[in-house]
$ cat query_5.cif   # mmCIF, C-alpha atoms
data_my_file
loop_
_atom_site.label_atom_id
_atom_site.label_comp_id
_atom_site.auth_asym_id
_atom_site.auth_seq_id
_atom_site.Cartn_x
_atom_site.Cartn_y
_atom_site.Cartn_z
CA MET A 19 0.00 0.00 0.00
CA SER A 20 2.85 2.39 0.83
CA LYS A 21 4.12 2.07 -2.74
CA LEU A 22 0.93 3.72 -3.98
CA LEU A 23 1.62 6.90 -2.01
CA ASN A 24 3.92 9.63 -3.27
CA VAL A 25 4.61 12.52 -0.92
CA SER A 26 5.78 15.67 -2.76
CA ALA A 27 5.57 19.43 -2.61
CA SER A 28 3.05 21.35 -4.68
CA PRO A 29 2.25 21.85 -7.47
CA HIS A 30 0.94 18.32 -7.91
CA VAL A 31 -0.46 18.87 -11.40
CA ARG A 32 2.37 19.44 -13.84
CA SER A 33 2.55 20.11 -17.54
CA SER A 34 5.07 19.11 -20.17
CA VAL A 35 4.90 22.64 -21.60
CA THR A 36 8.05 24.53 -20.60
CA THR A 37 9.07 28.18 -20.77
CA PRO A 38 11.28 27.64 -23.85
CA VAL A 39 8.41 25.89 -25.68
CA LEU A 40 6.07 28.81 -24.99
CA MET A 41 8.64 31.45 -25.89
CA TYR A 42 9.66 29.83 -29.15
CA ASP A 43 6.00 29.42 -30.11
CA VAL A 44 5.51 33.15 -29.59
CA ALA A 45 8.61 33.85 -31.66
CA ILE A 46 7.34 31.60 -34.46
CA ALA A 47 3.97 33.37 -34.38
CA MET A 48 5.68 36.72 -35.02
CA ILE A 49 7.50 35.47 -38.13
CA PRO A 50 4.67 36.38 -40.60
CA ALA A 51 4.54 39.97 -39.33
CA ALA A 52 8.34 40.22 -39.37
CA LEU A 53 8.60 38.86 -42.92
CA PHE A 54 5.93 41.22 -44.18
CA GLY A 55 7.66 44.14 -42.48
CA ILE A 56 10.93 43.25 -44.21
CA TYR A 57 9.14 42.90 -47.56
CA HIS A 58 7.23 46.16 -47.13
CA PHE A 59 9.97 48.39 -45.70
CA GLY A 60 13.16 46.83 -47.06
CA ILE A 61 16.39 45.28 -45.80
CA LYS A 62 16.90 47.96 -43.11
CA SER A 63 14.01 46.35 -41.23
CA LEU A 64 15.81 43.00 -41.18
CA LEU A 65 18.91 44.70 -39.81
CA ILE A 66 16.87 46.39 -37.06
CA ILE A 67 15.34 43.04 -36.07
CA LEU A 68 18.68 41.22 -35.99
CA VAL A 69 20.46 43.96 -34.06
CA THR A 70 17.66 44.35 -31.49
CA VAL A 71 17.36 40.62 -30.85
CA ALA A 72 21.15 40.24 -30.58
CA THR A 73 21.34 43.18 -28.14
CA CYS A 74 18.65 41.70 -25.89
CA MET A 75 20.22 38.25 -25.82
CA LEU A 76 23.73 39.62 -25.27
CA SER A 77 22.51 41.93 -22.49
CA GLU A 78 20.92 39.01 -20.68
CA TYR A 79 24.01 36.83 -21.08
CA VAL A 80 26.45 39.51 -19.91
CA TYR A 81 24.35 40.64 -16.92
CA GLU A 82 23.64 37.11 -15.63
CA SER A 83 27.30 36.13 -16.11
CA LEU A 84 28.56 39.16 -14.20
CA MET A 85 26.02 38.65 -11.39
CA GLY A 86 26.88 34.95 -11.06
CA ARG A 87 23.35 33.89 -11.95
CA PRO A 88 22.39 30.93 -14.15
CA VAL A 89 22.43 32.06 -17.78
CA THR A 90 18.87 31.81 -19.15
CA VAL A 91 19.36 33.03 -22.73
CA SER A 92 18.30 29.64 -24.08
CA ASP A 93 14.79 29.91 -22.60
CA GLY A 94 13.79 32.24 -25.46
CA SER A 95 12.46 35.10 -23.32
CA ALA A 96 15.18 37.54 -24.43
CA LEU A 97 14.55 36.49 -28.03
CA VAL A 98 10.84 37.30 -27.70
CA THR A 99 11.57 40.63 -25.99
CA GLY A 100 13.95 41.56 -28.80
CA LEU A 101 11.44 40.59 -31.49
CA ILE A 102 8.58 42.54 -29.91
CA LEU A 103 10.77 45.60 -29.43
CA ALA A 104 12.14 45.41 -32.98
CA LEU A 105 8.69 45.04 -34.53
CA ASN A 106 7.63 48.16 -32.61
CA MET A 107 10.39 50.23 -34.26
CA PRO A 108 9.98 52.64 -37.19
CA PRO A 109 11.68 51.17 -40.29
CA GLU A 110 14.21 54.03 -40.62
CA VAL A 111 15.19 54.38 -36.96
CA PRO A 112 18.96 54.61 -36.28
CA LEU A 113 20.28 51.26 -35.05
CA TRP A 114 21.60 52.65 -31.77
CA ILE A 115 18.08 53.49 -30.60
CA PRO A 116 16.70 49.90 -30.59
CA MET A 117 20.04 48.77 -29.15
CA LEU A 118 19.60 51.20 -26.25
CA GLY A 119 16.02 50.00 -25.90
CA GLY A 120 17.16 46.38 -25.76
CA VAL A 121 19.60 47.09 -22.95
CA PHE A 122 16.92 49.02 -21.04
CA ALA A 123 14.33 46.23 -21.52
CA ILE A 124 16.56 43.39 -20.36
CA ILE A 125 18.66 44.96 -17.62
CA VAL A 126 16.47 47.71 -16.14
CA VAL A 127 12.97 46.27 -16.55
CA LYS A 128 13.68 42.53 -16.39
CA GLN A 129 16.93 41.63 -14.63
CA LEU A 130 17.01 44.32 -11.94
CA PHE A 131 13.63 43.06 -10.74
CA GLY A 132 14.79 39.45 -10.52
CA GLY A 133 14.61 38.10 -14.06
CA LEU A 134 11.85 36.30 -15.94
CA GLY A 135 8.68 36.06 -13.89
CA GLN A 136 9.57 38.94 -11.56
CA ASN A 137 9.18 41.94 -13.88
CA PHE A 138 5.99 43.89 -13.20
CA MET A 139 5.60 45.25 -16.74
CA ASN A 140 6.32 44.02 -20.25
CA PRO A 141 10.04 44.71 -20.86
CA ALA A 142 9.70 45.37 -24.59
CA LEU A 143 6.81 47.80 -24.13
CA ALA A 144 8.51 49.55 -21.24
CA ALA A 145 11.56 50.02 -23.46
CA ARG A 146 9.40 51.35 -26.29
CA CYS A 147 7.74 53.88 -23.99
CA PHE A 148 11.21 54.88 -22.73
CA LEU A 149 12.36 55.44 -26.32
CA LEU A 150 9.18 57.32 -27.25
CA ILE A 151 9.72 59.72 -24.38
CA SER A 152 13.46 60.09 -24.99
CA PHE A 153 13.50 60.28 -28.79
CA ALA A 154 9.98 61.38 -29.77
CA GLY A 155 10.98 62.75 -33.16
CA ARG A 156 12.93 59.73 -34.37
CA MET A 157 10.37 57.26 -32.94
CA SER A 158 7.45 58.97 -34.70
CA THR A 159 8.94 59.32 -38.19
CA PHE A 160 7.56 56.73 -40.60
CA THR A 161 8.47 56.10 -44.22
CA VAL A 162 7.28 54.07 -47.18
CA ASP A 163 9.66 53.67 -50.13
CA GLY A 164 11.97 56.20 -48.50
CA VAL A 165 9.31 58.91 -48.30
CA SER A 166 8.16 60.19 -44.89
CA THR A 167 4.40 60.05 -44.55
CA ALA A 168 1.67 60.13 -41.92
CA THR A 169 0.31 56.93 -40.42
CA PRO A 170 -3.42 56.12 -40.76
CA LEU A 171 -3.94 57.09 -37.11
CA ALA A 172 -2.40 60.50 -37.72
CA VAL A 173 -4.51 60.95 -40.84
CA MET A 174 -7.71 60.11 -38.92
CA ARG A 175 -6.66 62.45 -36.12
CA ASN A 176 -6.71 65.22 -38.73
CA GLY A 177 -10.27 64.33 -39.70
CA GLN A 178 -9.49 62.51 -42.93
CA SER A 179 -10.58 59.04 -44.02
CA VAL A 180 -8.28 56.04 -44.62
CA SER A 181 -8.61 52.73 -46.44
CA VAL A 182 -9.54 49.81 -44.19
CA ALA A 183 -8.31 47.33 -46.81
CA ALA A 184 -4.89 49.01 -46.99
CA SER A 185 -4.59 48.82 -43.20
CA PHE A 186 -5.71 45.19 -43.12
CA PHE A 187 -3.23 44.02 -45.76
CA GLY A 188 -0.43 46.32 -44.60
CA MET A 189 0.11 48.77 -47.43
CA ILE A 190 0.54 51.66 -44.98
CA PRO A 191 3.30 53.38 -42.99
CA GLY A 192 3.90 52.34 -39.40
CA THR A 193 6.24 50.29 -37.28
CA ILE A 194 7.85 47.20 -38.78
CA GLY A 195 5.51 44.62 -37.26
CA GLU A 196 2.20 46.39 -36.79
CA VAL A 197 1.18 47.32 -40.33
CA SER A 198 -0.30 44.04 -41.62
CA VAL A 199 -3.34 42.87 -39.68
CA LEU A 200 -3.49 39.78 -41.90
CA ALA A 201 0.07 38.71 -41.00
CA LEU A 202 -0.61 39.34 -37.30
CA LEU A 203 -3.81 37.29 -37.39
CA ILE A 204 -1.95 34.37 -38.97
CA GLY A 205 0.42 34.42 -36.02
CA ALA A 206 -2.49 34.84 -33.58
CA VAL A 207 -4.23 31.77 -34.99
CA TYR A 208 -1.01 29.80 -34.48
CA LEU A 209 -0.89 30.84 -30.82
CA LEU A 210 -4.55 29.94 -30.32
CA VAL A 211 -4.17 26.54 -32.00
CA LYS A 212 -1.09 25.78 -29.90
CA LYS A 213 -3.05 26.95 -26.83
CA VAL A 214 -0.32 29.41 -25.90
CA ILE A 215 -2.98 32.10 -25.43
CA THR A 216 -6.76 32.26 -25.13
CA LEU A 217 -9.20 34.82 -26.50
CA HIS A 218 -10.12 36.20 -23.08
CA ILE A 219 -7.71 39.16 -23.18
CA PRO A 220 -7.43 39.94 -26.92
CA GLY A 221 -11.14 39.32 -27.53
CA THR A 222 -12.39 41.61 -24.77
CA TYR A 223 -9.67 44.16 -25.56
CA ILE A 224 -10.58 44.52 -29.24
CA LEU A 225 -14.34 44.33 -28.64
CA THR A 226 -14.28 46.96 -25.88
CA PHE A 227 -12.09 49.23 -27.96
CA ALA A 228 -14.38 48.89 -30.99
CA ILE A 229 -17.48 49.70 -28.93
CA MET A 230 -15.79 52.75 -27.41
CA MET A 231 -14.61 54.04 -30.78
CA PHE A 232 -18.06 53.50 -32.33
CA LEU A 233 -19.92 55.26 -29.52
CA PHE A 234 -17.55 58.19 -29.08
CA GLY A 235 -16.11 58.40 -32.60
CA GLY A 236 -19.30 59.45 -34.36
CA MET A 237 -20.99 56.02 -34.59
CA ASP A 238 -19.20 55.44 -37.90
CA ILE A 239 -18.55 51.79 -38.80
CA HIS A 240 -15.83 52.67 -41.33
CA TYR A 241 -14.02 54.83 -38.79
CA THR A 242 -14.27 52.09 -36.15
CA LEU A 243 -12.89 49.41 -38.47
CA ALA A 244 -10.09 51.71 -39.58
CA GLN A 245 -9.15 52.34 -35.95
CA VAL A 246 -9.15 48.61 -35.19
CA CYS A 247 -6.96 47.80 -38.20
CA SER A 248 -4.54 50.70 -37.72
CA GLY A 249 -1.71 51.21 -35.28
CA GLY A 250 -0.58 48.64 -32.76
CA LEU A 251 -3.96 47.37 -31.53
CA ILE A 252 -3.89 43.89 -33.09
CA PHE A 253 -0.19 43.43 -32.37
CA GLY A 254 -0.66 44.57 -28.78
CA ALA A 255 -3.81 42.55 -28.16
CA PHE A 256 -2.40 39.18 -29.23
CA PHE A 257 1.34 39.45 -28.58
CA MET A 258 1.87 41.94 -25.74
CA ALA A 259 -1.22 42.09 -23.57
CA THR A 260 -1.19 38.27 -23.30
CA ASP A 261 2.28 38.15 -21.75
CA TYR A 262 2.14 35.46 -19.03
CA VAL A 263 4.15 37.41 -16.47
CA THR A 264 2.35 40.74 -16.69
CA SER A 265 -1.27 39.67 -17.28
CA PRO A 266 -3.84 38.18 -14.85
CA VAL A 267 -4.08 34.42 -14.39
CA THR A 268 -7.74 34.29 -13.37
CA LYS A 269 -10.42 34.03 -16.07
CA ASN A 270 -12.45 36.98 -14.80
CA GLY A 271 -9.24 38.91 -14.28
CA ARG A 272 -8.29 38.46 -17.92
CA ILE A 273 -11.69 39.70 -19.03
CA LEU A 274 -11.48 42.74 -16.75
CA PHE A 275 -7.91 43.33 -17.94
CA GLY A 276 -9.06 43.31 -21.57
CA ILE A 277 -11.93 45.70 -20.84
CA LEU A 278 -9.61 48.16 -19.11
CA LEU A 279 -7.16 47.95 -22.00
CA GLY A 280 -9.91 48.69 -24.52
CA VAL A 281 -11.23 51.66 -22.56
CA LEU A 282 -7.78 53.18 -21.97
CA THR A 283 -6.63 52.73 -25.57
CA ALA A 284 -9.81 54.39 -26.84
CA VAL A 285 -9.43 57.26 -24.38
CA PHE A 286 -5.81 57.81 -25.42
CA ARG A 287 -6.65 57.74 -29.14
CA LEU A 288 -9.75 59.90 -28.88
CA TRP A 289 -8.62 62.54 -26.42
CA GLY A 290 -4.90 62.01 -25.84
CA GLY A 291 -2.06 64.05 -27.19
CA SER A 292 -0.85 61.20 -29.41
CA ALA A 293 -2.75 59.35 -32.13
CA GLU A 294 -1.67 55.99 -30.64
CA GLY A 295 -2.17 54.64 -27.13
CA VAL A 296 -1.67 50.87 -27.09
CA SER A 297 1.74 50.79 -25.43
CA TYR A 298 0.80 53.17 -22.62
CA ALA A 299 -2.51 51.38 -22.02
CA ILE A 300 -0.81 47.99 -21.65
CA ILE A 301 1.93 49.35 -19.37
CA PHE A 302 -0.64 51.08 -17.14
CA CYS A 303 -2.79 47.94 -16.91
CA ASN A 304 0.32 45.83 -16.16
CA ILE A 305 0.69 47.88 -12.98
CA LEU A 306 -2.95 47.16 -12.08
CA VAL A 307 -2.64 43.36 -12.45
CA PRO A 308 -2.09 42.60 -8.70
CA LEU A 309 -5.24 44.57 -7.86
CA ILE A 310 -7.20 42.94 -10.69
CA GLU A 311 -6.24 39.47 -9.48
CA LYS A 312 -7.13 40.39 -5.90
CA VAL A 313 -10.69 41.41 -6.79
CA THR A 314 -11.25 38.53 -9.24
CA LEU A 315 -9.79 35.71 -7.16
CA PRO A 316 -12.38 32.89 -7.09
CA LYS A 317 -13.70 31.63 -3.76
CA ALA A 318 -11.98 28.55 -2.39
CA PHE A 319 -13.99 25.38 -2.90
CA GLY A 320 -16.09 24.58 0.15
CA LYS A 321 -15.63 28.01 1.73
CA GLU A 322 -18.74 29.93 2.62
CA ALA A 323 -18.96 33.34 0.96
CA ARG A 324 -19.57 36.32 3.19
#
$ encode --input "query_5.cif" --output "structure tokens"
Amino acid sequence: MSKLLNVSASPHVRSSVTTPVLMYDVAIAMIPAALFGIYHFGIKSLLIILVTVATCMLSEYVYESLMGRPVTVSDGSALVTGLILALNMPPEVPLWIPMLGGVFAIIVVKQLFGGLGQNFMNPALAARCFLLISFAGRMSTFTVDGVSTATPLAVMRNGQSVSVAASFFGMIPGTIGEVSVLALLIGAVYLLVKKVITLHIPGTYILTFAIMMFLFGGMDIHYTLAQVCSGGLIFGAFFMATDYVTSPVTKNGRILFGILLGVLTAVFRLWGGSAEGVSYAIIFCNILVPLIEKVTLPKAFGKEAR
């Protein structure tokens, strides 16, 4: 009888899915958006991606080596951070800017707080916000075929109309990885099929945002669809807001998280000083995650509710 008993510490339910498996799945899911960005903006985009990823991985290796910690570069988290940061870069940005962002993301936001699992906000998005504040001009200059032009969000901010089809297929200016909704959705489907993410956060995020933009943007379907397909909404909803470390783990918490993201992004786009608002909305909601989980924590089984 004693052979049937196994005394061990929790957790008692384990999964074969590891951190490297999850991270490399996320990296694979971003390949369509990265390839389209390289095709659309040219070889400079590939160089930005390679340099940013290399900077993030090297920063992690050097810091952990100097601090005497186990080197975790192989778990893929630095790779994913580098990819997300690179795909959030303008295609003509000087290479030293994403390199600086990579160092900031890995060392300041991730490692100084204890490494993977301890950071309280998404490292790549925190780095992007840092770069936006520090180098606003260079981070907001977008080109197509070498010609500087306004993004669809900037055009709509000026009261003009944009093509929803162009935004969906990616024939617009913007950051390297955000322009093609189609390419992003291909990657999102991969993540959903692999069960890396669920629709709780991205679904409620996009739906809430669309409702807000329809109600407060003139009740115009075309305008609402253009807002959904433009900027970093789709990229942020599926690849950044769903980050395991900085998003809620409870089902109701994820739904509330998505609703707050949708409301904040709409507020920033409608009444903020900038035409975009995804990065700031996600960072702000990352900070609220402990409170969200506290108020959405389910009652323990068998415990009487007050």
$ closest_residue --input "query_5.cif" --among "A:Ile66, A:Val313, A:Ala47, A:Leu105" --to "Met117 of chain A" --atoms "all atoms listed in the file"
A:Ile66
$ resolve_selection --input "query_5.cif" --expression "the PyMOL selection byres ((chain A and resi 220) around 12)" --output "PyMOL selection string"
chain A and resi 203+206-207+209-210+215-219+221-227+251-261+265+272-280+300
$ closest_residue --input "query_5.cif" --among "A:Tyr81, A:Phe186, A:Phe153, A:Phe160" --to "Gln129 of chain A" --atoms "all atoms listed in the file"
A:Tyr81
$ resolve_selection --input "query_5.cif" --expression "the PyMOL selection byres ((chain A and resi 295) around 9)" --output "list in words"
Gly249, Gly250, Leu251, Leu282, Thr283, Ala284, Val285, Phe286, Arg287, Gly290, Ser292, Ala293, Glu294, Val296, Ser297, Tyr298, Ala299 and Ile300 of chain A
$ resolve_selection --input "query_5.cif" --expression "the PyMOL selection byres ((chain A and resi 184) around 10)" --output "PyMOL selection string"
chain A and resi 170+180-183+185-190+197-199+244+247-248
$ atom_distance --input "query_5.cif" --atom1 "atom CA of Thr99 of chain A" --atom2 "atom CA of Ala123 of chain A"
7.7 Å
$ closest_residue --input "query_5.cif" --among "A:Val267, A:Ala154, A:Leu202, A:Leu309" --to "Val111 of chain A" --atoms "all atoms listed in the file"
A:Ala154
$ atom_distance --input "query_5.cif" --atom1 "atom CA of Ile239 of chain A" --atom2 "atom CA of Ala172 of chain A"
18.4 Å
$ closest_residue --input "query_5.cif" --among "A:Cys74, A:Val173, A:Leu130, A:Ile61" --to "Val98 of chain A" --atoms "all atoms listed in the file"
A:Cys74
$ residues_around --input "query_5.cif" --residues "Val80 of chain A" --least-positions-apart "6" --cutoff "12 Å" --atoms "all atoms listed in the file" --output "ChimeraX atom specification"
/A:72-74,86-91,121,124-125,129
$ residues_around --input "query_5.cif" --residues "Asp43 of chain A" --least-positions-apart "3" --cutoff "10 Å" --atoms "all atoms listed in the file" --output "number ranges by chain"
A: 37-40, 46-48, 94, 98, 205, 208-209, 212-214
$ atom_distance --input "query_5.cif" --atom1 "atom CA of Asn176 of chain A" --atom2 "atom CA of Val281 of chain A"
21.6 Å
$ residues_near_point --input "query_5.cif" --point "(9.9, 53.6, -27.5)" --cutoff "9 Å" --atoms "all atoms listed in the file" --output "list in words"
Leu103, Asn106, Met107, Ile115, Pro116, Gly119, Ala142, Leu143, Ala144, Ala145, Arg146, Cys147, Phe148, Leu149, Leu150, Ile151, Ser152, Phe153, Ala154, Met157 and Ser297 of chain A
$ closest_residue --input "query_5.cif" --among "A:Ala228, A:Ala168, A:Ala201, A:Ile102" --to "Met41 of chain A" --atoms "all atoms listed in the file"
A:Ile102
$ closest_residue --input "query_5.cif" --among "A:Glu78, A:Phe59, A:Ala45, A:Asn140" --to "Leu101 of chain A" --atoms "all atoms listed in the file"
A:Ala45
$ build_atoms --input "query_5.cif" --residues "segment 83-94 of chain A" --atoms "N, CA and C atoms" --output "PDB file, keeping the file's coordinate frame"
ATOM      1  N   SER A  83      25.937  36.625 -16.324  1.00  0.00           N
ATOM      2  CA  SER A  83      27.300  36.130 -16.110  1.00  0.00           C
ATOM      3  C   SER A  83      28.020  36.965 -15.061  1.00  0.00           C
ATOM      4  N   LEU A  84      27.897  38.277 -15.151  1.00  0.00           N
ATOM      5  CA  LEU A  84      28.560  39.160 -14.200  1.00  0.00           C
ATOM      6  C   LEU A  84      27.988  39.034 -12.797  1.00  0.00           C
ATOM      7  N   MET A  85      26.688  38.763 -12.697  1.00  0.00           N
ATOM      8  CA  MET A  85      26.020  38.650 -11.390  1.00  0.00           C
ATOM      9  C   MET A  85      26.127  37.241 -10.804  1.00  0.00           C
ATOM     10  N   GLY A  86      26.738  36.318 -11.545  1.00  0.00           N
ATOM     11  CA  GLY A  86      26.880  34.950 -11.060  1.00  0.00           C
ATOM     12  C   GLY A  86      25.578  34.173 -11.057  1.00  0.00           C
ATOM     13  N   ARG A  87      24.633  34.588 -11.870  1.00  0.00           N
ATOM     14  CA  ARG A  87      23.350  33.890 -11.950  1.00  0.00           C
ATOM     15  C   ARG A  87      23.385  32.852 -13.071  1.00  0.00           C
ATOM     16  N   PRO A  88      22.490  31.870 -13.027  1.00  0.00           N
ATOM     17  CA  PRO A  88      22.390  30.930 -14.150  1.00  0.00           C
ATOM     18  C   PRO A  88      22.015  31.676 -15.430  1.00  0.00           C
ATOM     19  N   VAL A  89      22.702  31.401 -16.509  1.00  0.00           N
ATOM     20  CA  VAL A  89      22.430  32.060 -17.780  1.00  0.00           C
ATOM     21  C   VAL A  89      21.180  31.448 -18.407  1.00  0.00           C
ATOM     22  N   THR A  90      20.180  32.296 -18.686  1.00  0.00           N
ATOM     23  CA  THR A  90      18.870  31.810 -19.150  1.00  0.00           C
ATOM     24  C   THR A  90      18.563  32.229 -20.579  1.00  0.00           C
ATOM     25  N   VAL A  91      19.588  32.569 -21.351  1.00  0.00           N
ATOM     26  CA  VAL A  91      19.360  33.030 -22.730  1.00  0.00           C
ATOM     27  C   VAL A  91      18.626  31.980 -23.550  1.00  0.00           C
ATOM     28  N   SER A  92      18.896  30.712 -23.280  1.00  0.00           N
ATOM     29  CA  SER A  92      18.300  29.640 -24.080  1.00  0.00           C
ATOM     30  C   SER A  92      16.809  29.458 -23.859  1.00  0.00           C
ATOM     31  N   ASP A  93      16.221  30.108 -22.822  1.00  0.00           N
ATOM     32  CA  ASP A  93      14.790  29.910 -22.600  1.00  0.00           C
ATOM     33  C   ASP A  93      13.923  30.695 -23.584  1.00  0.00           C
ATOM     34  N   GLY A  94      14.531  31.547 -24.396  1.00  0.00           N
ATOM     35  CA  GLY A  94      13.790  32.240 -25.460  1.00  0.00           C
ATOM     36  C   GLY A  94      13.130  33.533 -25.043  1.00  0.00           C
TER      37      GLY A  94
END
